[in-house]
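Q: Input structure: target17.txt, which contains compact mmCIF, C-alpha atoms and all ligand atoms.
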```txt
# COMPACT_ATOMS: atom_id res chain seq x y z
CA MET A 1 81.79 22.05 69.77
CA LYS A 2 83.18 18.69 70.75
CA VAL A 3 83.68 18.07 74.48
CA TYR A 4 86.86 16.23 75.54
CA SER A 5 87.05 14.22 78.73
CA PHE A 6 88.67 11.22 80.43
CA PRO A 7 87.39 7.72 79.77
CA ARG A 8 86.42 6.25 83.13
CA GLY A 9 85.64 7.02 86.76
CA GLY A 10 84.96 10.39 88.33
CA PHE A 11 81.56 11.75 89.26
CA SER A 12 79.43 14.83 89.04
CA TYR A 13 80.20 16.75 92.23
CA GLU A 14 77.58 19.07 93.64
CA ASP A 15 77.46 20.72 97.05
CA HIS A 16 74.58 23.06 97.93
CA THR A 17 76.55 24.44 100.91
CA ALA A 18 79.11 26.09 98.61
CA PRO A 19 78.38 29.75 97.78
CA ARG A 20 76.26 30.42 94.71
CA ARG A 21 77.77 31.50 91.42
CA ASP A 22 77.25 35.15 91.98
CA SER A 23 79.36 38.25 92.10
CA SER A 24 82.05 38.75 94.73
CA VAL A 25 82.04 41.12 97.69
CA VAL A 26 85.14 42.98 98.82
CA ALA A 27 85.93 41.99 102.40
CA TYR A 28 86.60 44.56 105.12
CA LEU A 29 90.25 45.44 105.50
CA PRO A 30 91.65 43.40 108.39
CA THR A 31 92.76 45.30 111.50
CA ILE A 32 95.24 42.48 112.14
CA SER A 33 97.05 40.62 109.34
CA VAL A 34 99.20 37.52 109.73
CA ILE A 35 101.72 37.26 106.90
CA PRO A 36 103.55 33.89 106.77
CA LEU A 37 107.30 33.77 106.21
CA VAL A 38 107.21 30.38 104.56
CA HIS A 39 106.15 29.18 101.13
CA ASN A 40 103.79 26.26 100.59
CA ASP A 41 106.70 24.26 99.21
CA GLY A 42 108.54 24.70 102.53
CA GLY A 43 110.95 27.43 101.34
CA ARG A 44 111.77 29.92 104.11
CA VAL A 45 111.58 33.68 103.72
CA GLN A 46 114.05 36.04 105.38
CA PRO A 47 112.21 39.00 106.99
CA VAL A 48 113.56 42.43 106.02
CA VAL A 49 111.55 44.28 108.67
CA SER A 50 111.49 43.92 112.46
CA VAL A 51 108.91 44.15 115.21
CA GLY A 52 108.11 47.85 115.74
CA ASP A 53 108.75 48.84 112.11
CA THR A 54 106.15 50.72 110.09
CA VAL A 55 105.27 49.16 106.74
CA LYS A 56 103.46 50.47 103.66
CA GLU A 57 100.82 48.64 101.63
CA GLY A 58 102.63 46.44 99.10
CA MET A 59 106.06 46.95 100.72
CA LEU A 60 108.60 44.11 100.62
CA ILE A 61 108.76 42.55 104.10
CA GLY A 62 110.34 39.17 103.38
CA TRP A 63 112.94 38.06 100.90
CA GLY A 64 113.20 34.51 99.52
CA HIS A 65 112.97 32.65 96.24
CA THR A 66 109.56 34.37 96.10
CA ASN A 67 109.20 37.66 97.92
CA VAL A 68 106.59 38.46 100.56
CA HIS A 69 104.85 41.84 100.87
CA ALA A 70 102.75 43.70 103.42
CA THR A 71 99.15 43.52 102.24
CA VAL A 72 98.04 46.44 104.42
CA PRO A 73 99.91 49.46 105.80
CA GLY A 74 100.62 49.49 109.54
CA LYS A 75 103.03 48.44 112.23
CA VAL A 76 104.70 45.05 112.73
CA ILE A 77 103.58 44.17 116.25
CA ARG A 78 104.72 40.56 116.66
CA ARG A 79 106.56 37.66 115.15
CA VAL A 80 104.63 34.44 115.78
CA SER A 81 104.96 30.76 114.97
CA TRP A 82 102.58 27.79 115.15
CA LYS A 83 102.19 24.27 113.84
CA ASN A 84 99.51 23.77 111.22
CA ALA A 85 97.38 20.62 110.92
CA CYS A 86 100.17 19.01 108.81
CA GLU A 87 102.63 19.58 111.70
CA GLN A 88 104.44 22.13 109.56
CA GLU A 89 106.06 24.92 111.59
CA ILE A 90 104.89 28.31 110.26
CA GLU A 91 106.46 31.64 111.16
CA ALA A 92 104.66 34.90 110.44
CA LEU A 93 104.75 38.64 110.96
CA VAL A 94 101.67 40.20 112.53
CA ILE A 95 100.74 43.66 111.23
CA ARG A 96 98.30 46.01 112.93
CA MET A 97 96.67 48.12 110.20
CA GLY A 98 97.22 51.88 110.31
CA GLY A 99 98.25 54.78 108.09
CA THR A 100 97.39 55.47 104.47
CA PHE A 101 96.99 53.05 101.60
CA GLU A 102 99.43 53.43 98.70
CA LYS A 103 97.37 51.48 96.20
CA LEU A 104 93.79 51.03 97.43
CA GLY A 105 91.45 53.45 95.67
CA LYS A 106 94.29 55.06 93.64
CA LYS A 107 94.28 55.26 89.84
CA GLU A 108 96.43 52.41 88.58
CA GLU A 109 99.23 53.05 86.10
CA ILE A 110 99.44 50.45 83.33
CA PHE A 111 102.97 49.41 82.31
CA PRO A 112 103.78 48.04 78.85
CA TRP A 113 105.20 44.50 78.66
CA GLU A 114 105.63 43.71 74.96
CA GLY A 115 109.22 45.02 74.80
CA ILE A 116 110.38 43.25 77.99
CA SER A 117 112.44 40.06 77.60
CA SER A 118 111.07 36.79 78.98
CA HIS A 119 113.93 36.72 81.50
CA ASP A 120 112.99 40.16 82.84
CA LEU A 121 109.28 39.26 82.93
CA ARG A 122 110.13 36.26 85.13
CA ARG A 123 112.22 38.49 87.39
CA ILE A 124 109.32 40.94 87.77
CA ALA A 125 106.98 38.06 88.69
CA SER A 126 109.46 36.87 91.29
CA ASP A 127 110.02 40.37 92.71
CA TYR A 128 106.27 40.80 93.17
CA GLY A 129 105.87 37.44 94.88
CA VAL A 130 103.86 35.57 92.22
CA VAL A 131 103.40 31.89 93.01
CA GLU A 132 101.20 29.18 91.56
CA MET A 133 98.03 30.15 93.38
CA GLU A 134 96.30 26.84 92.75
CA GLY A 135 97.59 23.77 94.53
CA SER A 136 101.29 23.76 95.14
CA GLY A 137 102.07 27.42 95.76
CA ARG A 138 105.39 26.90 93.97
CA SER A 139 107.36 29.93 92.85
CA LEU A 140 106.11 30.84 89.39
CA ALA A 141 109.54 31.96 88.26
CA ASP A 142 110.93 28.50 89.13
CA MET A 143 108.07 26.76 87.31
CA LEU A 144 108.46 28.81 84.17
CA PHE A 145 112.23 28.51 84.21
CA SER A 146 112.06 24.73 84.31
CA LYS A 147 109.55 24.73 81.45
CA SER A 148 111.45 27.08 79.19
CA GLY A 149 114.89 25.50 79.37
CA GLY A 150 114.41 22.88 76.61
CA LYS A 151 113.83 23.18 72.91
CA ASP A 152 110.73 21.00 72.86
CA HIS A 153 107.38 22.24 71.62
CA ARG A 154 105.10 23.29 74.48
CA SER A 155 101.74 24.90 75.18
CA LEU A 156 100.33 27.01 77.96
CA VAL A 157 97.02 25.60 79.16
CA VAL A 158 94.76 28.12 80.89
CA ARG A 159 92.79 25.85 83.20
CA CYS A 160 89.23 27.11 83.60
CA VAL A 161 87.78 23.70 84.38
CA PHE A 162 85.15 23.95 87.08
CA ASP A 163 84.52 20.36 88.15
CA ASP A 164 84.17 21.23 91.84
CA PRO A 165 81.57 23.70 93.22
CA TRP A 166 84.24 25.02 95.60
CA LEU A 167 86.11 26.48 92.60
CA VAL A 168 83.37 29.08 92.30
CA ALA A 169 85.78 31.86 93.33
CA ASP A 170 87.97 31.11 90.30
CA TYR A 171 84.89 31.17 88.09
CA THR A 172 83.88 34.57 89.49
CA LEU A 173 87.42 35.87 88.99
CA CYS A 174 87.24 34.82 85.31
CA LYS A 175 83.97 36.72 84.94
CA GLU A 176 84.93 39.86 86.85
CA ARG A 177 88.60 40.15 85.80
CA SER A 178 88.59 38.50 82.39
CA THR A 179 90.98 41.07 80.89
CA ALA A 180 93.54 40.43 83.63
CA VAL A 181 93.31 36.65 83.19
CA VAL A 182 93.52 36.82 79.38
CA GLU A 183 96.38 39.31 79.28
CA GLY A 184 98.12 37.45 82.13
CA SER A 185 97.97 34.35 79.88
CA LEU A 186 99.69 36.20 77.04
CA VAL A 187 102.41 37.48 79.38
CA ALA A 188 102.88 33.98 80.85
CA ALA A 189 103.15 32.57 77.31
CA LYS A 190 106.00 34.95 76.58
CA MET A 191 107.67 34.26 79.94
CA ALA A 192 107.62 30.51 79.32
CA GLY A 193 108.39 30.67 75.58
CA VAL A 194 105.39 28.52 74.63
CA HIS A 195 104.19 27.98 71.07
CA ARG A 196 100.45 27.87 71.69
CA ILE A 197 97.87 28.97 74.26
CA VAL A 198 94.94 26.68 75.00
CA PHE A 199 91.96 28.02 76.92
CA ALA A 200 90.54 24.85 78.50
CA PHE A 201 86.97 25.49 79.69
CA SER A 202 84.34 23.19 81.12
CA HIS A 203 81.70 22.79 78.43
CA LYS A 204 79.05 24.60 80.50
CA GLU A 205 81.18 27.75 80.29
CA LEU A 206 81.29 28.00 76.50
CA ALA A 207 80.24 31.68 76.49
CA LEU A 208 83.04 32.64 78.90
CA GLY A 209 85.55 30.66 76.85
CA GLU A 210 84.48 32.43 73.66
CA ARG A 211 84.91 35.77 75.42
CA PHE A 212 88.48 34.82 76.38
CA LEU A 213 89.20 33.80 72.78
CA GLN A 214 87.84 37.08 71.45
CA ASP A 215 89.70 39.21 74.02
CA SER A 216 93.02 37.49 73.33
CA ALA A 217 92.59 38.00 69.58
CA GLY A 218 92.05 41.71 70.26
CA ILE A 219 95.33 41.94 72.17
CA LEU A 220 97.40 39.73 69.87
CA GLU A 221 96.00 41.24 66.65
CA GLY A 222 96.98 38.23 64.60
CA GLY A 223 100.27 37.88 66.53
CA PRO A 224 102.56 34.90 66.38
CA ILE A 225 100.99 32.65 69.05
CA PRO A 226 98.02 30.54 67.99
CA VAL A 227 95.24 30.41 70.56
CA SER A 228 92.59 27.69 70.83
CA LEU A 229 89.52 27.06 72.92
CA VAL A 230 89.02 23.48 74.09
CA LEU A 231 85.87 22.38 75.87
CA THR A 232 86.31 19.71 78.53
CA GLY A 233 83.89 17.66 80.58
CA SER A 234 82.93 18.92 84.02
CA ARG A 235 82.94 15.55 85.78
CA TYR A 236 85.31 15.63 88.77
CA PRO A 237 88.41 15.27 88.63
CA GLN A 238 88.58 16.72 85.11
CA ARG A 239 90.93 19.50 86.22
CA ASN A 240 93.58 17.13 87.62
CA TYR A 241 96.73 17.18 85.52
CA ARG A 242 96.31 13.57 84.39
CA GLU A 243 92.63 13.84 83.39
CA LEU A 244 93.13 17.23 81.73
CA GLU A 245 96.05 15.90 79.74
CA ILE A 246 93.97 12.92 78.56
CA ALA A 247 91.32 15.35 77.28
CA LEU A 248 93.88 17.60 75.59
CA ARG A 249 95.70 14.70 73.91
CA SER A 250 92.36 13.62 72.37
CA TYR A 251 91.88 17.18 71.11
CA GLU A 252 95.41 17.20 69.73
CA LYS A 253 94.83 13.94 67.87
CA ARG A 254 91.49 14.96 66.45
CA GLU A 255 92.69 18.40 65.32
CA MET A 256 96.04 17.02 64.07
CA ILE A 257 98.07 19.67 65.88
CA SER A 258 100.97 19.31 68.26
CA LEU A 259 100.62 20.69 71.79
CA GLY A 260 103.94 19.32 73.01
CA SER A 261 104.53 19.44 76.74
CA LEU A 262 101.92 21.24 78.82
CA LEU A 263 102.35 24.12 81.24
CA ILE A 264 99.06 24.35 83.13
CA LEU A 265 98.18 27.54 85.01
CA GLY A 266 94.91 28.63 86.61
CA PRO A 267 93.09 31.98 86.46
CA ALA A 268 94.22 33.26 89.89
CA THR A 269 97.89 32.81 88.95
CA LEU A 270 97.37 34.50 85.59
CA ALA A 271 95.60 37.48 87.16
CA ALA A 272 98.52 37.75 89.63
CA ILE A 273 100.95 37.80 86.67
CA TYR A 274 98.91 40.62 85.13
CA ASP A 275 99.01 42.58 88.41
CA ALA A 276 102.77 42.11 88.77
CA VAL A 277 103.73 42.95 85.18
CA ARG A 278 101.06 45.46 84.10
CA LEU A 279 100.38 47.19 87.44
CA ARG A 280 103.69 46.48 89.23
CA LYS A 281 101.65 45.32 92.19
CA PRO A 282 102.32 42.32 94.46
CA ILE A 283 99.59 39.85 95.37
CA LEU A 284 97.56 41.77 97.94
CA ASP A 285 94.31 39.84 97.86
CA ARG A 286 92.53 36.90 96.29
CA TYR A 287 89.04 35.58 95.56
CA ILE A 288 87.86 32.90 97.97
CA ALA A 289 84.63 30.92 98.34
CA VAL A 290 83.39 30.83 101.94
CA GLY A 291 80.60 28.46 102.94
CA GLY A 292 79.59 25.13 104.43
CA SER A 293 76.54 24.13 106.48
CA ALA A 294 77.78 26.01 109.58
CA VAL A 295 78.14 29.40 107.84
CA LYS A 296 75.24 31.87 107.98
CA ASN A 297 75.76 33.67 104.65
CA PRO A 298 78.06 31.80 102.26
CA GLN A 299 79.62 34.16 99.73
CA ILE A 300 82.50 34.75 97.35
CA MET A 301 84.86 37.31 98.81
CA ARG A 302 87.86 39.29 97.69
CA VAL A 303 90.05 39.04 100.78
CA ARG A 304 93.44 40.51 101.67
CA ILE A 305 96.16 37.85 102.06
CA GLY A 306 96.92 37.53 105.79
CA THR A 307 93.32 38.08 106.93
CA ARG A 308 92.52 35.64 109.72
CA ILE A 309 90.15 32.83 108.70
CA GLY A 310 88.01 33.65 111.76
CA ASP A 311 87.51 37.20 110.46
CA VAL A 312 86.45 35.85 107.08
CA PHE A 313 83.74 33.65 108.65
CA ALA A 314 82.66 36.57 110.87
CA GLU A 315 82.08 38.67 107.76
CA CYS A 316 79.79 35.95 106.43
CA GLY A 317 77.59 36.45 109.50
CA GLY A 318 79.45 33.90 111.63
CA PHE A 319 78.22 30.39 112.39
CA VAL A 320 74.65 29.12 112.77
CA ALA A 321 75.96 26.70 115.44
CA LYS A 322 79.34 25.41 116.60
CA PRO A 323 81.10 23.89 113.57
CA ARG A 324 82.51 20.37 113.78
CA ARG A 325 85.05 20.73 110.99
CA ILE A 326 86.75 23.83 109.62
CA ALA A 327 89.09 23.61 106.67
CA SER A 328 90.48 25.52 103.73
CA GLY A 329 90.16 24.33 100.13
CA SER A 330 87.48 21.98 98.84
CA PRO A 331 85.97 19.32 101.15
CA LEU A 332 87.44 16.80 98.68
CA GLN A 333 91.04 17.86 99.19
CA GLY A 334 90.90 20.46 101.96
CA ARG A 335 93.36 21.13 104.78
CA ILE A 336 92.07 21.31 108.37
CA VAL A 337 92.27 24.76 109.95
CA ALA A 338 93.45 24.10 113.50
CA ASP A 339 93.08 27.71 114.69
CA LEU A 340 90.80 30.50 113.44
CA ASP A 341 93.78 32.87 113.70
CA GLU A 342 95.41 31.04 110.76
CA PRO A 343 95.55 33.42 107.79
CA VAL A 344 94.24 33.35 104.25
CA LEU A 345 97.24 32.37 102.08
CA LYS A 346 97.99 33.05 98.43
CA THR A 347 96.75 29.50 97.72
CA THR A 348 93.52 29.63 99.79
CA TYR A 349 90.72 29.43 97.22
CA ALA A 350 87.97 28.34 99.64
CA ALA A 351 87.19 28.01 103.34
CA PHE A 352 84.37 25.97 104.79
CA ALA A 353 82.86 25.13 108.17
CA MET A 354 80.60 22.11 108.62
CA LEU A 355 77.95 21.25 111.18
CA ASP A 356 77.74 17.82 112.81
CA ASN A 357 75.45 16.31 110.18
CA GLN A 358 77.66 17.37 107.27
CA ALA A 359 80.85 16.46 109.15
CA ASP A 360 79.38 13.03 110.04
CA PHE A 361 80.45 12.25 106.56
CA PHE A 362 83.89 11.75 108.07
CA ASN A 363 82.86 9.16 110.72
CA LYS A 364 84.16 5.87 109.42
CA GLN A 365 82.45 2.49 109.58
CA ASN A 366 83.26 -0.94 108.11
CA CYS A 367 83.52 -1.54 104.38
CA ILE A 368 80.31 -3.04 102.99
CA GLY A 369 81.92 -4.12 99.73
CA CYS A 370 79.66 -1.97 97.55
CA GLY A 371 82.37 -1.33 94.93
CA GLU A 372 81.53 2.38 94.53
CA CYS A 373 85.17 3.36 95.10
CA ARG A 374 86.31 1.17 92.18
CA MET A 375 83.63 2.63 89.92
CA VAL A 376 84.76 6.23 90.39
CA CYS A 377 88.54 5.84 90.42
CA PRO A 378 89.71 7.51 87.19
CA VAL A 379 93.04 5.68 87.35
CA GLY A 380 91.38 2.25 87.51
CA LEU A 381 92.66 1.37 90.99
CA ASP A 382 90.87 -0.68 93.62
CA PRO A 383 90.89 1.77 96.56
CA GLU A 384 89.32 -0.73 98.96
CA GLU A 385 92.10 -3.24 98.26
CA LEU A 386 94.83 -0.62 98.61
CA TYR A 387 93.32 0.62 101.87
CA LYS A 388 93.48 -2.91 103.29
CA LYS A 389 97.13 -3.22 102.24
CA ILE A 390 98.21 -0.14 104.18
CA GLY A 391 100.34 -1.09 107.16
CA HIS A 392 100.86 -4.64 105.83
CA ASP A 393 102.81 -4.16 102.59
CA SER A 394 105.79 -1.83 102.19
CA PRO A 395 104.71 1.57 100.81
CA GLU A 396 104.88 1.97 97.04
CA ASN A 397 103.53 4.29 94.40
CA TRP A 398 100.23 2.87 93.24
CA GLY A 399 99.57 5.74 90.85
CA CYS A 400 96.89 7.39 93.01
CA HIS A 401 96.83 11.13 92.39
CA GLY A 402 94.71 11.95 95.41
CA CYS A 403 91.60 13.16 93.56
CA GLY A 404 89.43 12.12 96.54
CA CYS A 405 86.63 10.54 94.43
CA CYS A 406 86.76 7.18 96.26
CA GLU A 407 86.60 8.83 99.67
CA LEU A 408 83.67 11.02 98.76
CA VAL A 409 81.47 8.21 97.43
CA CYS A 410 82.32 5.61 100.12
CA PRO A 411 79.10 5.02 102.11
CA SER A 412 81.22 3.71 105.04
CA ARG A 413 83.11 7.03 105.18
CA LEU A 414 86.49 5.33 105.00
CA PRO A 415 89.37 7.83 104.54
CA LEU A 416 90.48 6.00 101.41
CA ALA A 417 92.20 8.77 99.44
CA THR A 418 93.80 10.31 102.52
CA ALA A 419 95.25 7.00 103.69
CA ILE A 420 96.38 5.83 100.23
CA CYS A 421 98.01 9.17 99.52
CA SER A 422 99.93 9.27 102.75
CA ALA A 423 100.98 5.61 102.37
CA GLN A 424 102.44 6.14 98.92
CA GLY A 425 104.16 9.39 99.90
CA ALA A 426 102.92 12.95 99.96
CA SER A 427 105.01 13.85 96.91
CA SER A 428 102.73 11.89 94.59
CA CYS A 429 99.54 13.63 95.72
CA PRO A 430 98.36 17.19 95.27
S1 LIG A 501 92.46 5.72 94.66
FE1 LIG A 501 93.37 7.74 94.33
S2 LIG A 501 93.07 8.17 92.15
FE2 LIG A 501 91.64 6.52 92.72
S3 LIG A 501 89.74 7.59 93.27
FE3 LIG A 501 90.90 7.30 95.16
S4 LIG A 501 92.03 9.21 95.40
FE4 LIG A 501 91.36 9.14 93.24
S1 LIG A 502 83.18 2.44 98.57
FE1 LIG A 502 83.76 2.10 100.73
S2 LIG A 502 82.26 0.57 101.45
FE2 LIG A 502 82.19 0.54 99.18
S3 LIG A 502 83.73 -1.05 98.60
FE3 LIG A 502 84.81 0.90 98.59
S4 LIG A 502 85.70 1.00 100.65
FE4 LIG A 502 84.10 -0.53 100.77
```
Can you give me the file's structure in the form of structure tokens?
Ligand code: SF4
Ligand code: SF4
A:
Amino acid sequence: MKVYSFPRGGFSYEDHTAPRRDSSVVAYLPTISVIPLVHNDGGRVQPVVSVGDTVKEGMLIGWGHTNVHATVPGKVIRRVSWKNACEQEIEALVIRMGGTFEKLGKKEEIFPWEGISSHDLRRIASDYGVVEMEGSGRSLADMLFSKSGGKDHRSLVVRCVFDDPWLVADYTLCKERSTAVVEGSLVAAKMAGVHRIVFAFSHKELALGERFLQDSAGILEGGPIPVSLVLTGSRYPQRNYRELEIALRSYEKREMISLGSLLILGPATLAAIYDAVRLRKPILDRYIAVGGSAVKNPQIMRVRIGTRIGDVFAECGGFVAKPRRIASGSPLQGRIVADLDEPVLKTTYAAFAMLDNQADFFNKQNCIGCGECRMVCPVGLDPEELYKKIGHDSPENWGCHGCGCCELVCPSRLPLATAICSAQGASSCP
């Protein structure tokens, strides 16, 4: 099969400190959970329980444009707030685990969805707190609503593009819960009113992509939505919206089909849609990759939302020595974890801790003019030049999408992507 990619820049990203592509382990249930009352997009959530209340597993505890649920049963013991590394004020409810589990270990009832209208499917997703679990953390109902308002032709792209070793948890989810991801895609297609589903897989995952295609055919039984498998490159940042769209437009041209506008969703979001619609279950846990040079036993874990990051590292055997840098996400685009009591969020797909030698990567020196940053920029920018301009010229949008390639390859460790992104405004970067 032909492999579609973007024309220039990028690089093959490998990191031996990320956990291996293996199966996941289910993490211990946390004795203390910290459930934030804020969405990633800044939207506040109104708590519907108070300190001292008893909550059940999966019970609604916060109401907002996306609802928030207790991920373990127990008692609300505190309401806390802190500032994260981005100076964002976060409020949260702290739950001490206790009592019986309503869902864990129980036989799950499967609800039909075919006869439910797209409007009602979106409402169910919202009720059960489904958000975009990759990147933005936006409310899924809002995203789908904005994509289904027009009459234009559109496609749902299921993004299984693994161009970053820290996406290994998503890969494992696709392997272990393929039915949930595939059926979640079909439900999302109906919710958004799309005309085609495209399974976009990195070319090394052809077998997994073919399994998705086969499974979806079994469910649709020749139904009205055409489904295609498109193989993409695996050079970073292939999964970025811009680079993925370039690859898909080449596919569209070659196959002489029309994809229209693209709604791109990842496997964690689609599995959450399945859980909400088929199992009537809110997002209780997620797959995350835990590793880095400071972690004793890197692994892929299925962790309850609200588990403290410190507990997650402890379950990986703790640290081999004091870490210099702890963050969530990929080292390319991660967010510093200022306090180990910060919780795993719906959007946390990885957590890493680095020792001095790995974190030395972040000690900046002077530019040596090697030109590596220009070579890897997929947009064709000159990151060195833009970096020099910061603080001298008035901020503008240079078209940088914050992929982080320039920063990673810079031998002088200059924070190119970070500085360019913040200079041109956070809204233009992931
Ligand atoms: S300048 Fe922006 S788009 Fe170009 S490599 Fe750096 S982060 Fe990526
Ligand atoms: S990669 Fe770093 S050292 Fe090389 S030209 Fe770019 S900014 Fe300078």
Q: Using all atoms listed in the file, find each residue in chain A having at least one atom no more than 7 Å away from ligand LIG 502 (chain A); report its shortest atom-to-atom pair and that distance in Å (one decimal), rows by chain then rising number, as CSV.
A:
```
residue,atom,partner,partner_atom,distance
A:Asn366,CA,A:LIG502,S2,6.9
A:Cys367,CA,A:LIG502,FE4,3.8
A:Ile368,CA,A:LIG502,S2,4.4
A:Gly369,CA,A:LIG502,S3,3.7
A:Cys370,CA,A:LIG502,FE2,3.9
A:Gly371,CA,A:LIG502,S3,3.9
A:Glu372,CA,A:LIG502,S1,4.4
A:Cys373,CA,A:LIG502,S1,4.1
A:Arg374,CA,A:LIG502,FE3,6.6
A:Pro383,CA,A:LIG502,FE3,6.5
A:Glu384,CA,A:LIG502,S4,4.4
A:Cys406,CA,A:LIG502,S1,6.4
A:Val409,CA,A:LIG502,S1,6.1
A:Cys410,CA,A:LIG502,S1,3.6
A:Pro411,CA,A:LIG502,S2,5.5
A:Ser412,CA,A:LIG502,S2,4.9
A:Arg413,CA,A:LIG502,FE1,6.7
A:Leu414,CA,A:LIG502,FE1,6.0
A:Leu416,CA,A:LIG502,S4,7.0
```
Q: Considering all atoms listed in the file, return as a PyMOL selection string whatever protein or nucleic-acid residues lie within 7 Å of Thr232 of chain A, sequence-local ones (same chain, fewer than 5 positions apart) excluded.
A: chain A and resi 3-5+200-203+247
Q: Mind dumping the selected residues with C-alpha atoms as a PDB file, in the coordinates of the input?
A:
```
ATOM      1  CA  VAL A   3      83.680  18.070  74.480  1.00  0.00           C
ATOM      2  CA  TYR A   4      86.860  16.230  75.540  1.00  0.00           C
ATOM      3  CA  SER A   5      87.050  14.220  78.730  1.00  0.00           C
ATOM      4  CA  ALA A 200      90.540  24.850  78.500  1.00  0.00           C
ATOM      5  CA  PHE A 201      86.970  25.490  79.690  1.00  0.00           C
ATOM      6  CA  SER A 202      84.340  23.190  81.120  1.00  0.00           C
ATOM      7  CA  HIS A 203      81.700  22.790  78.430  1.00  0.00           C
ATOM      8  CA  ALA A 247      91.320  15.350  77.280  1.00  0.00           C
TER       9      ALA A 247
END
```
Q: Produce as a JSON list (two decimals) with C-alpha atoms, in the coordinates of the input the set of residues near ligand LIG 501 (chain A), where near means within 8 Å with all atoms listed in the file considered.
A:
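As a result, pocket-v2.json now contains:
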```json
[["chain", "number", "residue", "atom", "x", "y", "z"],
["A", 9, "GLY", "CA", 85.64, 7.02, 86.76],
["A", 10, "GLY", "CA", 84.96, 10.39, 88.33],
["A", 373, "CYS", "CA", 85.17, 3.36, 95.10],
["A", 374, "ARG", "CA", 86.31, 1.17, 92.18],
["A", 376, "VAL", "CA", 84.76, 6.23, 90.39],
["A", 377, "CYS", "CA", 88.54, 5.84, 90.42],
["A", 378, "PRO", "CA", 89.71, 7.51, 87.19],
["A", 379, "VAL", "CA", 93.04, 5.68, 87.35],
["A", 380, "GLY", "CA", 91.38, 2.25, 87.51],
["A", 381, "LEU", "CA", 92.66, 1.37, 90.99],
["A", 382, "ASP", "CA", 90.87, -0.68, 93.62],
["A", 383, "PRO", "CA", 90.89, 1.77, 96.56],
["A", 386, "LEU", "CA", 94.83, -0.62, 98.61],
["A", 399, "GLY", "CA", 99.57, 5.74, 90.85],
["A", 400, "CYS", "CA", 96.89, 7.39, 93.01],
["A", 401, "HIS", "CA", 96.83, 11.13, 92.39],
["A", 402, "GLY", "CA", 94.71, 11.95, 95.41],
["A", 403, "CYS", "CA", 91.60, 13.16, 93.56],
["A", 404, "GLY", "CA", 89.43, 12.12, 96.54],
["A", 405, "CYS", "CA", 86.63, 10.54, 94.43],
["A", 406, "CYS", "CA", 86.76, 7.18, 96.26],
["A", 407, "GLU", "CA", 86.60, 8.83, 99.67],
["A", 416, "LEU", "CA", 90.48, 6.00, 101.41],
["A", 417, "ALA", "CA", 92.20, 8.77, 99.44],
["A", 418, "THR", "CA", 93.80, 10.31, 102.52],
["A", 420, "ILE", "CA", 96.38, 5.83, 100.23],
["A", 421, "CYS", "CA", 98.01, 9.17, 99.52]]
```
Q: Could you check the closest approach to Lys322 of chain A for each of A:Ser228, A:Ser293, A:Asn240, A:Thr347 and tell me which residue wins, using all atoms listed in the file?
A: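 Under the stated criterion, the closest residue is A:Ser293.
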Q: Using only C-alpha atoms, find the one residue out of A:Ile110, A:Ala276, A:Leu37, A:Ala294 that sits nearest to Ala188 of chain A.
A: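 Of the candidates, the smallest distance to Ala188 of chain A is held by A:Ala276.
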Q: From the set A:Tyr241, A:Gly135, A:Val320, A:Val187, which residue has the shortest atom-to-atom contact distance to Ser216 of chain A, counting all atoms listed in the file?
A: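 For Ser216 of chain A, the nearest of the candidates is A:Val187.
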Q: When you draw a straight line from atom CA of Val344 of chain A to atom CA of Gly306 of chain A, how long is it in Å?
A: 5.2 Å
Q: What lies within 9 Å of Lys346 of chain A using only C-alpha atoms, ignoring chain neighbours under 4 positions off, as a PyMOL selection string?
A: chain A and resi 130-134+137+283-286+305-306
Q: Considering all atoms listed in the file, state which residue in the set A:Arg138, A:Arg254, A:Arg96, A:Arg239 is at the smallest distance from Cys160 of chain A.
A: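 Residue with the minimum atom-to-atom distance to Cys160 of chain A: A:Arg239.
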Q: May I ask for the distance between atom CA of Asp339 of chain A and atom CA of Pro298 of chain A, given in Å to one decimal place?
A: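 A separation of 19.9 Å between them.
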Q: Restricting the calculation to all atoms listed in the file, which member of A:Ser155, A:Thr100, A:Arg308, A:Trp63 is positioned closest to Ile257 of chain A?
A: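 Of A:Ser155, A:Thr100, A:Arg308, A:Trp63, the one nearest Ile257 of chain A is A:Ser155, counting all atoms listed in the file.
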Q: What's the 6 Å shell around Ala169 of chain A, counting only C-alpha atoms, without same-chain residues fewer than 2 positions away, as a list in words?
A: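 Those residues are Leu167, Tyr171, Thr172, Tyr287, Ile288, Ala289 and Ile300 of chain A.
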Q: Counting all atoms listed in the file, find the residues whose atoms lie at most 7 Å from (91.8, 25.9, 103.6) (file coordinates) and write them out as JSON, numbers by chain.
A: {"A": [327, 328, 329, 334, 335, 336, 337, 348, 350, 351]}
Q: Considering all atoms listed in the file, can you say which of A:Pro47, A:Pro331, A:Gly74, A:Gly218 comes closest to Glu183 of chain A?
A: A:Gly218
Q: When you draw a straight line from atom CA of Val68 of chain A to atom CA of Leu332 of chain A, how long is it in Å?
A: 29.0 Å
